[in-house]
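S.K.: Structure provided below as structure tokens; questions to follow.
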Amino acid sequence: MTDTSRVSVRPLRADDKPQWATLWTAYLAFYETTRPQSIFDLYFDRLLGDDPQDYNGLVAELDGRLVGLTHYLFHRHGWSEENVCYLQDLYADPEVRGQGIGRALMEAVYAAADAAGAPSVYWLTQDFNTTARQLYDRIGVKTPFIKYARP
């Protein structure tokens with residue numbers, strides 16, 4: 001059992017890249033996909049960039065080791081004056097899953113959205129992601145929207 005009081009959530013840093021890459025690789029594997037190294041490099045650079053419309057990255061750290069990550073971005077919405085926040089990725093190492101890491105990361109995104117004046121945070125997940133959906137059902141509201149994508 002992890003003592004979540006020892007877990008810190010903080011912004012992603014340049015020196016986190018090796019541990020971040022390990023976590024993001026595991027995240028992609030969960031969704032049965034991979035990406036080339038060029039995408040890893042591009043995404044990491046975007047996560048560290050200073051464009052307010054680009055991605056942001058947070059990590060959960062325990063005893064000097066990254067155990068979780070989340071990526072999010074703010075964007076305009078046609079129905080609101082304020083930006084909204086899209087939580088793109090959320091992942092906790094299976095060794096610490098179910099122990100508050102995901103919740104801590106999501107609450108940090110909620111806090112970032114509040115600080116940025118974005119009243120809405122939303123995300124997607126696959127229907128088979130049962131463990132995460134248990135958290136999402138406690139911390140969010142399931143919407144009736146169905147996602148479609150270009151073939």
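By order of appearance in the structure tokens: chains A, B, ..., then residues from 1 within every chain, and ligands from 1 in the order shown.
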Find the residues around A:Arg65 up to 12 Å (only C-alpha atoms counted), leave out those fewer than 5 positions away in its own chain, and share them as a PyMOL selection string.

M.R.: chain A and resi 6-9+16+18-20+22-23+59-60+93+96

S.K.: Taking N, CA, C and O atoms for each residue, export the selection above as a PDB file, in the first residue's frame.

M.R.:
ATOM      1  N   ARG A   6       2.996  10.752   0.672  1.00  0.00           N
ATOM      2  CA  ARG A   6       4.372  10.829   0.185  1.00  0.00           C
ATOM      3  C   ARG A   6       4.415  11.107  -1.309  1.00  0.00           C
ATOM      4  O   ARG A   6       5.491  11.267  -1.881  1.00  0.00           O
ATOM      5  N   VAL A   7       3.285  11.152  -1.952  1.00  0.00           N
ATOM      6  CA  VAL A   7       3.214  11.388  -3.390  1.00  0.00           C
ATOM      7  C   VAL A   7       3.110  12.885  -3.637  1.00  0.00           C
ATOM      8  O   VAL A   7       2.317  13.570  -2.996  1.00  0.00           O
ATOM      9  N   SER A   8       3.925  13.376  -4.563  1.00  0.00           N
ATOM     10  CA  SER A   8       3.791  14.777  -4.948  1.00  0.00           C
ATOM     11  C   SER A   8       3.425  14.836  -6.422  1.00  0.00           C
ATOM     12  O   SER A   8       3.890  14.028  -7.216  1.00  0.00           O
ATOM     13  N   VAL A   9       2.562  15.766  -6.748  1.00  0.00           N
ATOM     14  CA  VAL A   9       2.198  16.034  -8.138  1.00  0.00           C
ATOM     15  C   VAL A   9       2.836  17.367  -8.488  1.00  0.00           C
ATOM     16  O   VAL A   9       2.674  18.348  -7.765  1.00  0.00           O
ATOM     17  N   ASP A  16      12.853  14.695 -16.628  1.00  0.00           N
ATOM     18  CA  ASP A  16      11.922  13.582 -16.428  1.00  0.00           C
ATOM     19  C   ASP A  16      11.774  12.698 -17.664  1.00  0.00           C
ATOM     20  O   ASP A  16      11.101  11.668 -17.609  1.00  0.00           O
ATOM     21  N   PRO A  18      13.297  10.342 -19.469  1.00  0.00           N
ATOM     22  CA  PRO A  18      13.402   8.876 -19.484  1.00  0.00           C
ATOM     23  C   PRO A  18      12.275   8.184 -18.710  1.00  0.00           C
ATOM     24  O   PRO A  18      11.676   7.218 -19.202  1.00  0.00           O
ATOM     25  N   GLN A  19      11.960   8.684 -17.513  1.00  0.00           N
ATOM     26  CA  GLN A  19      10.880   8.069 -16.733  1.00  0.00           C
ATOM     27  C   GLN A  19       9.515   8.336 -17.372  1.00  0.00           C
ATOM     28  O   GLN A  19       8.636   7.478 -17.370  1.00  0.00           O
ATOM     29  N   TRP A  20       9.348   9.552 -17.899  1.00  0.00           N
ATOM     30  CA  TRP A  20       8.107   9.877 -18.593  1.00  0.00           C
ATOM     31  C   TRP A  20       7.911   8.934 -19.773  1.00  0.00           C
ATOM     32  O   TRP A  20       6.812   8.420 -19.993  1.00  0.00           O
ATOM     33  N   THR A  22       8.976   5.933 -20.209  1.00  0.00           N
ATOM     34  CA  THR A  22       8.596   4.602 -19.722  1.00  0.00           C
ATOM     35  C   THR A  22       7.105   4.563 -19.396  1.00  0.00           C
ATOM     36  O   THR A  22       6.396   3.624 -19.791  1.00  0.00           O
ATOM     37  N   LEU A  23       6.622   5.586 -18.698  1.00  0.00           N
ATOM     38  CA  LEU A  23       5.192   5.634 -18.345  1.00  0.00           C
ATOM     39  C   LEU A  23       4.321   5.788 -19.587  1.00  0.00           C
ATOM     40  O   LEU A  23       3.285   5.127 -19.716  1.00  0.00           O
ATOM     41  N   VAL A  59       3.256  15.202 -13.401  1.00  0.00           N
ATOM     42  CA  VAL A  59       3.657  13.860 -13.020  1.00  0.00           C
ATOM     43  C   VAL A  59       3.427  13.666 -11.529  1.00  0.00           C
ATOM     44  O   VAL A  59       3.451  14.629 -10.751  1.00  0.00           O
ATOM     45  N   ALA A  60       3.197  12.419 -11.160  1.00  0.00           N
ATOM     46  CA  ALA A  60       3.124  12.036  -9.756  1.00  0.00           C
ATOM     47  C   ALA A  60       4.445  11.361  -9.419  1.00  0.00           C
ATOM     48  O   ALA A  60       4.900  10.470 -10.139  1.00  0.00           O
ATOM     49  N   ASP A  93       1.177   3.966 -12.781  1.00  0.00           N
ATOM     50  CA  ASP A  93       1.893   2.691 -12.806  1.00  0.00           C
ATOM     51  C   ASP A  93       1.020   1.629 -12.119  1.00  0.00           C
ATOM     52  O   ASP A  93       0.462   1.879 -11.048  1.00  0.00           O
ATOM     53  N   VAL A  96       0.998   1.053  -8.340  1.00  0.00           N
ATOM     54  CA  VAL A  96       0.397   2.005  -7.403  1.00  0.00           C
ATOM     55  C   VAL A  96      -1.064   2.290  -7.729  1.00  0.00           C
ATOM     56  O   VAL A  96      -1.691   3.125  -7.065  1.00  0.00           O
TER      57      VAL A  96
END

S.K.: A:Phe40: which residues within 9 Å, counting only C-alpha atoms, same-chain residues fewer than 5 positions away excluded, as a ChimeraX atom specification?

M.R.: /A:21,24,35,45

S.K.: Can you work out which one of A:Asn83, A:Thr70, A:Gln99, A:Gln53 has the shortest atom-to-atom distance to A:Val121, counting only C-alpha atoms?

M.R.: A:Asn83

S.K.: From the list A:Gly64, A:Gly57, A:Gly117, A:Gly49, which residue is nearest A:Leu90 when using only C-alpha atoms?

M.R.: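 Among the listed residues, A:Gly57 lies closest to A:Leu90.
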
S.K.: Would you please work out which residue, of A:Arg10, A:Arg76, A:Arg46, A:Arg103, is nearest to A:Leu58 when using only C-alpha atoms?

M.R.: A:Arg10

S.K.: Rounded to one decimal in Å, what is the spacing between atom CA of A:Pro94 and atom CA of A:Gly68?

M.R.: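 Atom-to-atom, atom CA of A:Pro94 to atom CA of A:Gly68, that is 9.4 Å.
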
S.K.: If DSSP is run on the backbone, what residues of chain A are strand (DSSP E)? A reply as a PyMOL selection string would be ideal.

M.R.: chain A and resi 7-11+55-62+65-77+80-92+121-123

S.K.: Between A:Asp41, A:His71, A:Val84, A:Tyr136, single out the one closest to A:Ala116, counting only C-alpha atoms.

M.R.: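 Nearest candidate to A:Ala116 out of A:Asp41, A:His71, A:Val84, A:Tyr136: A:Val84.
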
S.K.: Can you tell me which residues surround A:Arg138 at a distance of at most 12 Å, considering only C-alpha atoms, apart from same-chain residues fewer than 6 positions away, and format the answer as an MDAnalysis selection string?

M.R.: chainID A and resid 102:103 106:107 131:132
